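Chemist: The following block contains the structure, expressed as structure tokens.
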Amino acid sequence: MSLPEMIIVYGGGSLFVTAGLLTLIRAIKGPTVLDRIVAADVFLTIIVSVMGIELIVNRHTHTVAVMVGATATAALATITVARFVRRRAKEADELQGAGSYTQMIDVSGAAENDDVAARGAVRENTEGSGR
């Protein structure tokens, strides 16, 4: 391996190690389940990226199946936890009679609310300019 290749490999490796350590700190500190899930996803993405770089450097395709399996598992796990958290928040809202948790998690109405706010801002701008 030539000197420029070694610099790139070791420099990139040190960046991946730093990112992995910071991600593990986020996973340990939390404070919520969603923070930990996002950190686990990022950590798995870092691992799959390192495997991909190793695949390129050593010019083989032995780990492609492992990479695909790991990313598919991570996607399924994220979807499952997101549904669990959303269901749990709805149950808490029903018990308490408040809508704060569901409003934070439910993104289906967020786009509609943003669209209404944007139309109101446009309306205010056009009325203020004398049109």
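Chain labels follow the order of the structure tokens: the first chain is A, the next B, and so on; residue numbering restarts at 1 in every chain, and ligands are counted from 1 in their shown order.
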Do a neighbour search on A:Thr18 at 12 Å with only C-alpha atoms, toss out local chain neighbours closer than 6 positions, and write the hits as a PyMOL selection string.
Modeler: chain A and resi 11-12+24-25+43+46
Chemist: Would you mind listing what lies within 12 Å of A:Val42 as a list in words, with only C-alpha atoms counted and same-chain residues fewer than 4 positions away left out?
Modeler: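 Contacts, in chain order: Phe16, Ala19, Gly20, Leu21, Leu22, Thr23, Leu24, Ile25, Arg26, Ala27, Asp35, Arg36, Ile37, Val38, Ile46, Ile47, Val48, Ser49, Thr71, Ala74, Ala75 and Thr78 of chain A.
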Chemist: So how far away is atom CA of A:Gly13 from atom CA of A:Pro31, in Å?
Modeler: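 Going from atom CA of A:Pro31 over to atom CA of A:Gly13, I get 28.4 Å.
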